[in-house]
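See below for target.cif, which holds mmCIF, C-alpha atoms.
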data_final
#
loop_
_atom_site.label_atom_id
_atom_site.label_comp_id
_atom_site.auth_asym_id
_atom_site.auth_seq_id
_atom_site.Cartn_x
_atom_site.Cartn_y
_atom_site.Cartn_z
CA MET A 15 -165.71 57.74 -35.44
CA TYR A 16 -168.83 59.85 -34.98
CA ILE A 17 -169.13 61.59 -38.36
CA GLY A 18 -167.88 58.78 -40.60
CA SER A 19 -164.94 60.50 -42.31
CA VAL A 20 -163.00 63.74 -42.66
CA SER A 21 -163.98 64.01 -46.32
CA ILE A 22 -166.68 66.33 -47.66
CA ARG A 23 -169.26 63.79 -46.45
CA GLY A 24 -168.05 64.25 -42.87
CA LEU A 25 -168.03 68.02 -43.34
CA HIS A 26 -171.71 68.00 -44.29
CA HIS A 27 -172.42 65.69 -41.37
CA LEU A 28 -171.43 68.51 -39.00
CA VAL A 29 -174.32 70.58 -40.34
CA TYR A 30 -176.75 67.67 -40.01
CA GLU A 31 -175.81 67.13 -36.37
CA ILE A 32 -176.66 70.72 -35.43
CA VAL A 33 -179.83 70.78 -37.56
CA ASP A 34 -180.88 67.45 -35.97
CA ASN A 35 -180.94 69.20 -32.59
CA SER A 36 -183.33 71.81 -33.97
CA VAL A 37 -185.50 69.16 -35.65
CA ASP A 38 -185.71 67.32 -32.33
CA GLU A 39 -187.27 70.49 -30.89
CA ALA A 40 -189.75 70.45 -33.79
CA LEU A 41 -190.60 66.76 -33.21
CA ALA A 42 -191.29 67.63 -29.56
CA GLY A 43 -193.62 70.43 -30.69
CA TYR A 44 -191.49 73.44 -29.70
CA CYS A 45 -189.94 74.62 -32.97
CA LYS A 46 -191.59 75.92 -36.17
CA ASN A 47 -188.69 77.48 -38.09
CA ILE A 48 -185.09 76.50 -38.82
CA ASN A 49 -182.76 78.72 -40.85
CA VAL A 50 -179.46 77.41 -42.22
CA THR A 51 -176.96 79.84 -43.76
CA ILE A 52 -173.63 79.20 -45.48
CA GLU A 53 -171.81 82.43 -44.74
CA GLU A 54 -168.73 83.83 -46.45
CA GLY A 55 -165.65 81.76 -45.63
CA ASN A 56 -167.75 78.57 -45.26
CA VAL A 57 -169.03 79.53 -41.83
CA ILE A 58 -172.27 77.69 -41.01
CA CYS A 59 -175.10 79.31 -39.06
CA VAL A 60 -178.09 77.29 -37.81
CA GLU A 61 -180.86 79.17 -36.03
CA ASP A 62 -184.17 77.88 -34.65
CA ASP A 63 -187.11 79.17 -32.62
CA GLY A 64 -187.23 76.27 -30.17
CA ARG A 65 -187.01 76.55 -26.39
CA GLY A 66 -183.30 77.34 -26.35
CA ILE A 67 -180.65 75.20 -24.65
CA PRO A 68 -181.01 75.26 -20.83
CA VAL A 69 -178.70 77.84 -19.26
CA GLU A 70 -178.85 76.92 -15.57
CA LYS A 71 -175.90 75.30 -13.81
CA HIS A 72 -175.52 71.57 -14.49
CA ALA A 73 -175.72 69.53 -11.27
CA LYS A 74 -172.84 67.17 -12.11
CA THR A 75 -170.40 69.39 -14.04
CA GLY A 76 -170.74 72.61 -12.06
CA ILE A 77 -170.87 74.67 -15.30
CA SER A 78 -173.90 75.76 -17.30
CA ALA A 79 -175.99 73.05 -18.96
CA ALA A 80 -175.39 74.76 -22.33
CA GLU A 81 -171.60 74.68 -21.92
CA THR A 82 -171.81 71.07 -20.73
CA VAL A 83 -173.67 70.03 -23.90
CA TYR A 84 -170.93 71.54 -26.07
CA THR A 85 -167.88 70.30 -24.17
CA ILE A 86 -168.69 66.89 -22.68
CA LEU A 87 -169.48 63.73 -24.66
CA HIS A 88 -172.85 62.04 -24.10
CA ALA A 89 -174.16 65.02 -22.16
CA GLY A 90 -176.89 66.02 -24.64
CA GLY A 91 -180.05 67.06 -22.81
CA LYS A 92 -182.24 64.76 -24.91
CA PHE A 93 -180.46 61.70 -23.55
CA GLY A 94 -181.47 62.18 -19.93
CA GLY A 95 -184.24 60.10 -18.40
CA ASP A 96 -186.65 63.07 -18.39
CA SER A 97 -185.51 65.03 -21.40
CA GLY A 98 -188.90 66.01 -22.76
CA TYR A 99 -188.09 64.31 -26.08
CA LYS A 100 -190.18 61.29 -27.09
CA VAL A 101 -187.68 60.53 -29.83
CA SER A 102 -184.43 62.02 -31.03
CA GLY A 103 -182.41 62.07 -34.22
CA GLY A 104 -179.09 61.79 -32.43
CA LEU A 105 -177.47 58.43 -31.80
CA HIS A 106 -174.65 59.00 -29.34
CA GLY A 107 -175.61 62.16 -27.44
CA VAL A 108 -172.47 63.75 -28.82
CA GLY A 109 -173.66 65.85 -31.78
CA SER A 110 -172.99 69.33 -30.37
CA SER A 111 -169.77 68.42 -28.56
CA VAL A 112 -168.29 66.63 -31.57
CA VAL A 113 -169.12 69.52 -33.94
CA ASN A 114 -167.50 71.85 -31.41
CA ALA A 115 -164.38 69.68 -31.12
CA LEU A 116 -164.01 69.48 -34.90
CA SER A 117 -164.41 73.22 -35.44
CA GLU A 118 -161.82 75.98 -35.43
CA TRP A 119 -164.33 78.04 -33.49
CA THR A 120 -167.95 77.83 -32.37
CA GLU A 121 -170.28 80.55 -31.12
CA VAL A 122 -173.63 79.78 -29.48
CA THR A 123 -176.38 82.33 -28.77
CA ILE A 124 -179.40 81.30 -26.70
CA GLN A 125 -182.66 83.10 -26.06
CA ARG A 126 -184.74 81.84 -23.13
CA ASP A 127 -185.84 82.73 -19.61
CA GLY A 128 -186.19 86.37 -20.66
CA GLY A 129 -182.55 86.79 -21.64
CA ILE A 130 -179.96 86.50 -24.41
CA PHE A 131 -177.00 84.31 -23.50
CA GLN A 132 -173.77 83.71 -25.41
CA MET A 133 -170.70 81.47 -25.18
CA ALA A 134 -167.71 80.78 -27.45
CA PHE A 135 -165.23 77.97 -28.06
CA GLU A 136 -162.03 77.28 -29.98
CA ARG A 137 -161.33 73.69 -31.06
CA GLY A 138 -163.68 72.43 -28.37
CA LYS A 139 -162.25 74.48 -25.52
CA THR A 140 -164.27 77.19 -23.81
CA VAL A 141 -162.86 80.68 -24.43
CA LYS A 142 -165.96 82.58 -23.34
CA PRO A 143 -168.17 80.91 -20.70
CA LEU A 144 -171.91 81.39 -20.96
CA GLU A 145 -172.92 84.91 -20.00
CA ARG A 146 -176.07 86.96 -20.27
CA ILE A 147 -175.63 89.76 -22.81
CA GLY A 148 -179.14 91.19 -23.00
CA ASP A 149 -182.88 90.75 -22.58
CA SER A 150 -185.33 88.99 -24.90
CA ASP A 151 -188.91 87.77 -24.86
CA LYS A 152 -188.12 85.24 -27.60
CA THR A 153 -186.74 81.71 -27.43
CA GLY A 154 -184.36 79.79 -29.66
CA THR A 155 -180.77 78.76 -30.34
CA LYS A 156 -178.29 80.05 -32.90
CA VAL A 157 -175.06 78.16 -33.59
CA ARG A 158 -172.26 79.47 -35.80
CA PHE A 159 -169.14 77.43 -36.48
CA LEU A 160 -166.16 77.13 -38.79
CA ALA A 161 -164.97 73.57 -39.42
CA ASP A 162 -161.30 72.91 -38.64
CA SER A 163 -159.18 73.04 -41.81
CA THR A 164 -156.45 70.97 -40.11
CA ILE A 165 -158.92 68.07 -39.80
CA PHE A 166 -161.11 68.15 -42.90
CA GLU A 167 -159.93 67.59 -46.45
CA THR A 168 -162.07 70.51 -47.65
CA LEU A 169 -164.22 73.21 -46.09
CA GLU A 170 -166.15 73.93 -49.29
CA TYR A 171 -169.80 72.99 -48.69
CA GLU A 172 -171.91 71.79 -51.61
CA TYR A 173 -175.15 73.75 -51.54
CA GLU A 174 -177.07 71.08 -53.51
CA VAL A 175 -176.17 68.35 -50.99
CA LEU A 176 -177.33 70.41 -48.01
CA GLU A 177 -180.46 71.54 -49.85
CA LYS A 178 -181.45 67.93 -50.63
CA ARG A 179 -181.04 66.82 -47.01
CA LEU A 180 -182.95 69.80 -45.61
CA ARG A 181 -185.78 69.19 -48.08
CA GLU A 182 -186.00 65.61 -46.80
CA MET A 183 -186.15 66.87 -43.21
CA ALA A 184 -189.02 69.22 -44.10
CA PHE A 185 -190.96 66.41 -45.82
CA LEU A 186 -190.52 64.24 -42.73
CA THR A 187 -191.75 66.89 -40.28
CA LYS A 188 -195.17 68.22 -41.28
CA GLY A 189 -195.46 71.98 -41.01
CA LEU A 190 -191.81 72.63 -40.15
CA LYS A 191 -190.38 75.48 -42.22
CA ILE A 192 -186.70 75.11 -43.14
CA THR A 193 -184.74 77.65 -45.16
CA ILE A 194 -181.25 77.40 -46.55
CA GLU A 195 -179.31 80.32 -47.97
CA ASP A 196 -175.86 80.43 -49.55
CA LYS A 197 -174.33 83.86 -48.91
CA ARG A 198 -170.89 83.06 -50.27
CA ALA A 199 -169.61 85.34 -53.02
CA PRO A 200 -170.43 84.32 -56.62
CA LYS A 201 -167.91 81.94 -58.13
CA GLU A 202 -167.07 80.68 -61.59
CA GLU A 203 -167.62 77.05 -62.57
CA VAL A 204 -166.87 75.39 -65.90
CA ILE A 205 -170.05 73.73 -67.26
CA ASP A 206 -169.95 72.11 -70.71
CA GLY A 207 -166.69 73.90 -71.46
CA GLU A 208 -168.04 77.36 -70.56
CA GLU A 209 -167.44 79.46 -67.47
CA VAL A 210 -170.72 80.08 -65.64
CA GLU A 211 -171.18 82.36 -62.65
CA ILE A 212 -172.80 80.54 -59.72
CA LYS A 213 -174.78 83.12 -57.77
CA PRO A 214 -175.91 82.90 -54.13
CA ARG A 215 -178.92 80.64 -53.74
CA LYS A 216 -181.82 80.32 -51.33
CA ALA A 217 -184.60 77.76 -50.82
CA GLU A 218 -187.51 77.41 -48.45
CA PHE A 219 -189.28 74.16 -47.57
CA CYS A 220 -192.54 73.54 -45.72
CA PHE A 221 -194.81 70.60 -46.50
CA GLU A 222 -198.16 70.12 -44.79
CA GLY A 223 -198.66 66.89 -46.75
CA GLY A 224 -195.69 65.16 -45.11
CA LEU A 225 -194.75 61.85 -46.71
CA ASN A 226 -197.49 62.11 -49.34
CA SER A 227 -195.80 65.30 -50.55
CA PHE A 228 -192.44 63.49 -50.47
CA VAL A 229 -193.66 60.63 -52.68
CA GLU A 230 -195.38 63.02 -55.07
CA TYR A 231 -192.12 64.98 -55.35
CA LEU A 232 -190.15 61.80 -56.11
CA ASN A 233 -192.66 60.78 -58.80
CA LYS A 234 -193.26 64.21 -60.33
CA ASN A 235 -191.86 63.18 -63.73
CA LYS A 236 -193.28 59.64 -63.78
CA GLU A 237 -196.55 58.15 -65.03
CA LYS A 238 -198.60 57.06 -62.00
CA ILE A 239 -200.77 53.95 -61.79
CA HIS A 240 -202.86 55.62 -59.06
CA GLU A 241 -202.93 59.38 -58.53
CA MET A 242 -203.02 59.65 -54.73
CA PRO A 243 -200.38 57.86 -52.65
CA ILE A 244 -201.44 55.10 -50.25
CA TYR A 245 -200.91 56.66 -46.82
CA ILE A 246 -200.43 54.68 -43.60
CA GLU A 247 -200.03 56.23 -40.17
CA LYS A 248 -200.08 54.52 -36.79
CA ASP A 249 -199.13 55.80 -33.36
CA GLY A 250 -198.02 53.63 -30.48
CA GLU A 251 -194.77 52.24 -29.11
CA VAL A 252 -193.12 52.92 -32.49
CA PRO A 253 -195.01 55.62 -34.44
CA ILE A 254 -195.07 54.67 -38.13
CA GLU A 255 -195.75 56.72 -41.24
CA VAL A 256 -195.66 55.24 -44.75
CA ALA A 257 -196.56 56.58 -48.19
CA ILE A 258 -196.66 54.34 -51.29
CA GLN A 259 -197.31 55.12 -54.93
CA TYR A 260 -196.92 52.91 -58.00
CA THR A 261 -195.68 54.15 -61.36
CA THR A 262 -195.23 52.49 -64.74
CA SER A 263 -191.42 52.42 -64.31
CA TYR A 264 -189.50 49.16 -63.80
CA SER A 265 -187.44 50.06 -60.75
CA GLU A 266 -188.33 50.28 -57.07
CA ASN A 267 -187.56 53.44 -55.14
CA ILE A 268 -187.76 53.05 -51.36
CA TYR A 269 -186.49 55.54 -48.78
CA THR A 270 -186.36 54.69 -45.08
CA PHE A 271 -185.94 57.00 -42.09
CA VAL A 272 -185.60 56.58 -38.35
CA ASN A 273 -186.23 59.74 -36.30
CA ASN A 274 -185.67 61.68 -39.55
CA ILE A 275 -182.28 60.02 -40.12
CA ASN A 276 -181.93 58.59 -43.64
CA THR A 277 -181.12 54.91 -43.07
CA ILE A 278 -179.62 54.32 -46.50
CA GLU A 279 -178.81 50.69 -45.65
CA GLY A 280 -182.35 49.98 -44.47
CA GLY A 281 -182.70 47.73 -41.47
CA THR A 282 -185.49 46.11 -39.47
CA HIS A 283 -188.14 48.70 -40.45
CA LEU A 284 -187.52 48.02 -44.15
CA GLU A 285 -187.56 44.26 -43.52
CA GLY A 286 -190.98 44.53 -41.84
CA PHE A 287 -192.34 46.68 -44.65
CA LYS A 288 -191.18 44.30 -47.40
CA ARG A 289 -192.53 41.27 -45.56
CA ALA A 290 -195.96 42.87 -45.13
CA VAL A 291 -196.28 44.14 -48.71
CA THR A 292 -195.37 40.74 -50.20
CA LYS A 293 -197.86 38.87 -47.99
CA VAL A 294 -200.74 41.34 -48.41
CA PHE A 295 -200.61 41.43 -52.22
CA ASN A 296 -200.32 37.64 -52.50
CA ASP A 297 -203.20 37.11 -50.05
CA TYR A 298 -205.37 39.61 -51.92
CA ALA A 299 -204.55 38.05 -55.30
CA ARG A 300 -205.43 34.56 -53.99
CA SER A 301 -208.65 35.57 -52.25
CA HIS A 302 -209.92 37.43 -55.33
CA GLY A 303 -209.00 34.75 -57.87
CA ILE A 304 -206.28 36.82 -59.57
CA LEU A 305 -203.77 34.09 -58.70
CA LYS A 306 -205.10 30.55 -59.25
CA GLU A 307 -204.34 27.57 -57.03
CA LYS A 308 -201.74 26.23 -59.46
CA ASP A 309 -200.00 29.61 -59.82
CA LEU A 310 -196.79 30.40 -57.96
CA ASN A 311 -196.77 33.23 -55.44
CA LEU A 312 -195.46 36.61 -56.55
CA VAL A 313 -192.05 37.36 -55.07
CA GLY A 314 -191.06 40.63 -53.41
CA GLU A 315 -189.21 42.04 -56.39
CA ASP A 316 -192.28 41.50 -58.63
CA ILE A 317 -194.53 43.34 -56.18
CA ARG A 318 -192.10 46.23 -55.64
CA GLU A 319 -191.47 46.90 -59.36
CA GLY A 320 -192.56 50.48 -60.04
CA MET A 321 -193.10 51.20 -56.34
CA THR A 322 -192.02 54.47 -54.76
CA ALA A 323 -192.28 54.37 -50.98
CA VAL A 324 -191.13 56.39 -48.00
CA ILE A 325 -191.07 54.72 -44.59
CA SER A 326 -190.57 56.79 -41.46
CA VAL A 327 -190.49 55.39 -37.94
CA LYS A 328 -189.89 57.07 -34.60
CA VAL A 329 -187.94 54.87 -32.18
CA LYS A 330 -187.29 56.06 -28.63
CA GLU A 331 -184.00 54.20 -28.26
CA PRO A 332 -182.77 53.41 -31.78
CA GLN A 333 -179.95 50.91 -32.20
CA PHE A 334 -177.95 51.53 -35.34
CA GLU A 335 -175.46 49.28 -37.04
CA GLY A 336 -172.43 51.40 -37.92
CA GLN A 337 -171.36 54.73 -36.48
CA THR A 338 -172.97 56.87 -39.16
CA LYS A 339 -176.55 55.69 -38.50
CA THR A 340 -177.29 53.98 -41.80
CA LYS A 341 -179.00 50.72 -40.73
CA LEU A 342 -181.58 50.18 -37.99
CA GLY A 343 -181.00 47.16 -35.76
CA ASN A 344 -183.95 47.15 -33.29
CA SER A 345 -185.42 43.66 -33.77
CA ASN A 346 -188.86 44.53 -32.33
CA VAL A 347 -189.45 47.10 -35.09
CA THR A 348 -189.77 44.41 -37.79
CA GLY A 349 -192.98 42.96 -36.37
CA ILE A 350 -194.44 46.34 -35.41
CA VAL A 351 -194.00 47.72 -38.93
CA ALA A 352 -195.15 44.48 -40.58
CA ASN A 353 -198.39 44.39 -38.54
CA ALA A 354 -199.20 48.07 -39.08
CA VAL A 355 -198.56 47.94 -42.84
CA SER A 356 -200.44 44.61 -43.23
CA ASP A 357 -203.58 45.90 -41.52
CA ALA A 358 -203.68 49.27 -43.29
CA LEU A 359 -202.69 48.01 -46.75
CA SER A 360 -205.18 45.10 -46.63
CA ALA A 361 -207.96 47.53 -45.75
CA PHE A 362 -206.92 49.92 -48.53
CA LEU A 363 -206.92 47.20 -51.21
CA GLU A 364 -210.37 45.96 -50.13
CA GLU A 365 -211.75 49.51 -50.23
CA ASN A 366 -210.09 50.35 -53.57
CA PRO A 367 -210.46 47.28 -55.83
CA ASN A 368 -209.72 49.18 -59.04
CA ILE A 369 -206.36 50.39 -57.71
CA ALA A 370 -205.62 46.92 -56.31
CA LYS A 371 -206.32 45.34 -59.70
CA ALA A 372 -204.14 47.88 -61.57
CA ILE A 373 -201.20 47.34 -59.19
CA LEU A 374 -201.51 43.55 -59.35
CA GLU A 375 -201.60 43.61 -63.16
CA LYS A 376 -198.26 45.44 -62.97
CA CYS A 377 -196.93 42.86 -60.47
CA ILE A 378 -198.02 39.88 -62.58
CA SER A 379 -196.49 41.47 -65.68
CA ALA A 380 -193.20 41.80 -63.77
CA PHE A 381 -193.48 38.13 -62.68
CA ARG A 382 -194.01 36.94 -66.26
CA ALA A 383 -191.12 39.04 -67.57
CA ARG A 384 -188.82 37.64 -64.84
CA GLU A 385 -189.88 34.06 -65.58
CA ALA A 386 -189.41 34.55 -69.34
CA ALA A 387 -185.91 35.96 -68.72
CA ARG A 388 -185.07 33.02 -66.44
CA LYS A 389 -186.20 30.45 -69.03
CA ALA A 390 -184.27 32.25 -71.76
CA ARG A 391 -181.10 32.13 -69.62
CA GLU A 392 -181.56 28.44 -68.88
CA LEU A 393 -182.10 27.68 -72.57
CA ALA A 394 -178.98 29.63 -73.51
CA ARG A 395 -176.91 27.80 -70.86
CA LYS A 396 -178.22 24.44 -72.02
CA LYS A 397 -177.44 25.26 -75.65
CA ASN A 398 -173.90 26.44 -74.76
CA SER A 399 -173.35 23.33 -72.67
CA MET A 400 -174.36 21.03 -75.51
CA GLU A 401 -172.23 22.91 -78.03
CA GLY A 402 -169.24 22.77 -75.70
CA SER A 403 -169.50 19.00 -75.22
CA THR A 404 -169.69 18.07 -78.93
CA LEU A 405 -167.71 14.86 -79.53
CA PRO A 406 -165.02 14.88 -82.21
CA ARG A 407 -166.14 13.41 -85.55
CA LYS A 408 -165.25 9.82 -86.32
CA THR A 409 -162.75 9.46 -89.20
CA CYS A 410 -162.49 6.50 -91.58
CA ARG A 411 -159.37 5.24 -93.27
CA LEU A 412 -159.64 4.15 -96.88
#

Rewritten as structure tokens:
Amino acid sequence: MYIGSVSIRGLHHLVYEIVDNSVDEALAGYCKNINVTIEEGNVICVEDDGRGIPVEKHAKTGISAAETVYTILHAGGKFGGDSGYKVSGGLHGVGSSVVNALSEWTEVTIQRDGGIFQMAFERGKTVKPLERIGDSDKTGTKVRFLADSTIFETLEYEYEVLEKRLREMAFLTKGLKITIEDKRAPKEEVIDGEEVEIKPRKAEFCFEGGLNSFVEYLNKNKEKIHEMPIYIEKDGEVPIEVAIQYTTSYSENIYTFVNNINTIEGGTHLEGFKRAVTKVFNDYARSHGILKEKDLNLVGEDIREGMTAVISVKVKEPQFEGQTKTKLGNSNVTGIVANAVSDALSAFLEENPNIAKAILEKCISAFRAREAARKARELARKKNSMEGSTLPRKTCRL
């Protein structure tokens, strides 16, 4: 229910849930570094330098707050009324407890309040309550866990999948440094009929450019219509960050995120973005005589041809459609995003007429190609229809 499946996708989701907790600390301004390690035997270790999970006794459960977070559903600290988090990547408040329940064992080490604290679990049950094991002047949380082989179809993590997701997280959180290291023993894989040794790998991500860096990365092998991405940022009830860059390609490439969660099915933030982009480009084209009075408006698909965009919104109480957080449902976000993008994009086009003209030439070219294809299809259908309805020839008897 909470991780989507017990396939390899669900297995990777366990890692994301724990990393999300660390990223939430970064979004709140308390964490600068996150280290993810795939240890031998497919043990996952996630360590951050945030504040550390609270260790005092929980008022309602009578056990430590840290143990409560890992054993009781919907008890995540970020879901309280005064959690200290403006926004959070989690949906249900169950990330830590679900990962714990779906793991053969989990070990949590916390540094805060001048001490080092540790607790351990087996299949969600506490086997070692939180205890202080030493002193420390540092802060942070380290979580190690082994997914339950009786639940998941495989325990073999795919390094490339985790690396891609962690890179995204780093792009979406300016200045956050994320490392991933695969410490599993080298293995043999057959590539193009030959056995190749896959050695341990390591990657480090930190992007001060945020979404601009993300878009530039996505377009690194494409010919750009304008060199610098169009960047939009607005704070407020729903903080919004958008980066747009056009290339000479024929496809659109749009990524959307809510609280750093990749909403692969889009949702209300994507709807607001598309609505604004379509209106702004049509209004600009009309007001500057690029589209004449008799001309039809450009449609969304014409305007988005060749566009690469990343949209990131921070929503305090996100409502997602589906348990795996793939489509945003908050209706108020549509208008908020549409207004922010309309204002900023309109201003950009007015201030950069050469870029506006180059993009609109691309859009109009896409419109003409679409119209030509439509007319060709209609002509072909008409021709086939006439050929199919040919009357039989009249015969004469001599």

Find the residues of region 224-263 of chain A that sit at most 9 Å from region 362-378 of chain A; for each, write down the nearest two atoms and how far apart they are in Å, to one decimal. Count only C-alpha atoms. Sort by chain, then by number going up, and give it as JSON lines.
{"residue": "A:Ile239", "atom": "CA", "partner": "A:Ala372", "partner_atom": "CA", "distance": 6.9}
{"residue": "A:His240", "atom": "CA", "partner": "A:Ile369", "partner_atom": "CA", "distance": 6.4}
{"residue": "A:Ile244", "atom": "CA", "partner": "A:Phe362", "partner_atom": "CA", "distance": 7.7}
{"residue": "A:Tyr260", "atom": "CA", "partner": "A:Ile373", "partner_atom": "CA", "distance": 7.1}
{"residue": "A:Thr262", "atom": "CA", "partner": "A:Lys376", "partner_atom": "CA", "distance": 7.9}

Pairwise distance for CA of Ala394 (chain A) and CA of Ser379 (chain A), rounded to one decimal in Å: 22.5 Å

Residues of region 92-201 of chain A that have any atom at most 6 Å from an atom of region 19-30 of chain A: could you tabulate them with the shortest-distance atom pair and the distance in Å to one decimal, using only C-alpha atoms, ordered by chain and increasing number, as a Markdown table?
| residue | atom | partner | partner_atom | distance |
| --- | --- | --- | --- | --- |
| A:Val113 | CA | A:Leu28 | CA | 5.7 |
| A:Phe166 | CA | A:Val20 | CA | 4.8 |
| A:Glu167 | CA | A:Ser21 | CA | 5.4 |

Would you mind listing what lies within 8 Å of Lys213 (chain A) as number ranges by chain, with all atoms listed in the file counted and same-chain residues fewer than 6 positions away left out? A: 199-201

Could you list, as an MDAnalysis selection string, every residue within 12 Å of Asn346 (chain A), counting all atoms listed in the file and ignoring same-chain residues fewer than 3 positions away? chainID A and resid 251:252 281:283 285:286 329 331:333 342:343 349:353

CA of Val355 (chain A) and CA of Lys293 (chain A), how far apart in Å?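 Separating CA of Lys293 (chain A) from CA of Val355 (chain A) is a distance of 10.5 Å.
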
Rounded to one decimal place, report the CA of Gly320 (chain A)-CA of Val229 (chain A) distance in Å. 12.6 Å

Taking the file as I've supplied it (selection: the PyMOL selection byres ((chain A and resi 280) around 12)), which residues are included? Please answer as a ChimeraX atom specification. /A:268-272,275-279,281-288,324-327,334-336,339-344,348

Rank A:Gly64, A:Gln125, A:Arg198, A:Ala323 by their smallest atom-to-atom distance to Glu172 (chain A), using all atoms listed in the file, and report the top residue only.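 Going through A:Gly64, A:Gln125, A:Arg198, A:Ala323 one by one, the smallest distance to Glu172 (chain A) is for A:Arg198.
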
Using all atoms listed in the file, what table do you get, as a tab-separated table, when you list each residue of region 126-241 of chain A with an atom no more than 10 Å from region 70-77 of chain A, its nearest pair of atoms, and their distance in Å rounded to one decimal, rows by chain then rising number?
residue	atom	partner	partner_atom	distance
A:Asp127	CA	A:Glu70	CA	9.9
A:Pro143	CA	A:Ile77	CA	8.7
A:Leu144	CA	A:Ile77	CA	8.8

Those residues you just picked out, can you put them in a file as a PDB file, in the coordinates of the input with C-alpha atoms?
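This went into part06.pdb:
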ATOM      1  CA  ASP A 127    -185.840  82.730 -19.610  1.00  0.00           C
ATOM      2  CA  PRO A 143    -168.170  80.910 -20.700  1.00  0.00           C
ATOM      3  CA  LEU A 144    -171.910  81.390 -20.960  1.00  0.00           C
TER       4      LEU A 144
END

Selected residue of minimal separation from Glu81 (chain A) among A:Asn267, A:Asn235, A:Gln132, A:Asn35, counting only C-alpha atoms: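 Using only C-alpha atoms, the shortest distance to Glu81 (chain A) belongs to A:Gln132.
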
Residues picked by the PyMOL selection byres ((chain A and resi 115) around 10) here, as a PyMOL selection string? chain A and resi 84-86+110-114+116-120+135-139+161-162

Those selected residues, please, written with C-alpha atoms and delivered as a PDB file, in the frame of the given file.
ATOM      1  CA  TYR A  84    -170.930  71.540 -26.070  1.00  0.00           C
ATOM      2  CA  THR A  85    -167.880  70.300 -24.170  1.00  0.00           C
ATOM      3  CA  ILE A  86    -168.690  66.890 -22.680  1.00  0.00           C
ATOM      4  CA  SER A 110    -172.990  69.330 -30.370  1.00  0.00           C
ATOM      5  CA  SER A 111    -169.770  68.420 -28.560  1.00  0.00           C
ATOM      6  CA  VAL A 112    -168.290  66.630 -31.570  1.00  0.00           C
ATOM      7  CA  VAL A 113    -169.120  69.520 -33.940  1.00  0.00           C
ATOM      8  CA  ASN A 114    -167.500  71.850 -31.410  1.00  0.00           C
ATOM      9  CA  LEU A 116    -164.010  69.480 -34.900  1.00  0.00           C
ATOM     10  CA  SER A 117    -164.410  73.220 -35.440  1.00  0.00           C
ATOM     11  CA  GLU A 118    -161.820  75.980 -35.430  1.00  0.00           C
ATOM     12  CA  TRP A 119    -164.330  78.040 -33.490  1.00  0.00           C
ATOM     13  CA  THR A 120    -167.950  77.830 -32.370  1.00  0.00           C
ATOM     14  CA  PHE A 135    -165.230  77.970 -28.060  1.00  0.00           C
ATOM     15  CA  GLU A 136    -162.030  77.280 -29.980  1.00  0.00           C
ATOM     16  CA  ARG A 137    -161.330  73.690 -31.060  1.00  0.00           C
ATOM     17  CA  GLY A 138    -163.680  72.430 -28.370  1.00  0.00           C
ATOM     18  CA  LYS A 139    -162.250  74.480 -25.520  1.00  0.00           C
ATOM     19  CA  ALA A 161    -164.970  73.570 -39.420  1.00  0.00           C
ATOM     20  CA  ASP A 162    -161.300  72.910 -38.640  1.00  0.00           C
TER      21      ASP A 162
END

Missing atoms in region 258-264 of chain A should be modelled up to N, CA, C and O atoms and reported as a JSON list (two decimals), in the coordinates of the input.
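As written to disk, rebuild.json reads:
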[["chain", "number", "residue", "atom", "x", "y", "z"],
["A", 258, "ILE", "N", -197.00, 55.23, -50.17],
["A", 258, "ILE", "CA", -196.66, 54.34, -51.29],
["A", 258, "ILE", "C", -197.39, 54.81, -52.53],
["A", 258, "ILE", "O", -198.57, 55.15, -52.49],
["A", 259, "GLN", "N", -196.68, 54.84, -53.65],
["A", 259, "GLN", "CA", -197.31, 55.12, -54.93],
["A", 259, "GLN", "C", -196.63, 54.31, -56.02],
["A", 259, "GLN", "O", -195.40, 54.21, -56.06],
["A", 260, "TYR", "N", -197.46, 53.70, -56.90],
["A", 260, "TYR", "CA", -196.92, 52.91, -58.00],
["A", 260, "TYR", "C", -196.89, 53.72, -59.29],
["A", 260, "TYR", "O", -197.80, 54.50, -59.57],
["A", 261, "THR", "N", -195.81, 53.52, -60.06],
["A", 261, "THR", "CA", -195.68, 54.15, -61.36],
["A", 261, "THR", "C", -195.46, 53.06, -62.41],
["A", 261, "THR", "O", -195.32, 51.88, -62.08],
["A", 262, "THR", "N", -195.42, 53.46, -63.65],
["A", 262, "THR", "CA", -195.23, 52.49, -64.74],
["A", 262, "THR", "C", -193.75, 52.15, -64.96],
["A", 262, "THR", "O", -193.42, 51.39, -65.88],
["A", 263, "SER", "N", -192.86, 52.69, -64.14],
["A", 263, "SER", "CA", -191.42, 52.42, -64.31],
["A", 263, "SER", "C", -191.12, 50.99, -63.87],
["A", 263, "SER", "O", -191.96, 50.29, -63.29],
["A", 264, "TYR", "N", -189.89, 50.55, -64.09],
["A", 264, "TYR", "CA", -189.50, 49.16, -63.80],
["A", 264, "TYR", "C", -188.62, 49.03, -62.57],
["A", 264, "TYR", "O", -188.21, 47.93, -62.22]]
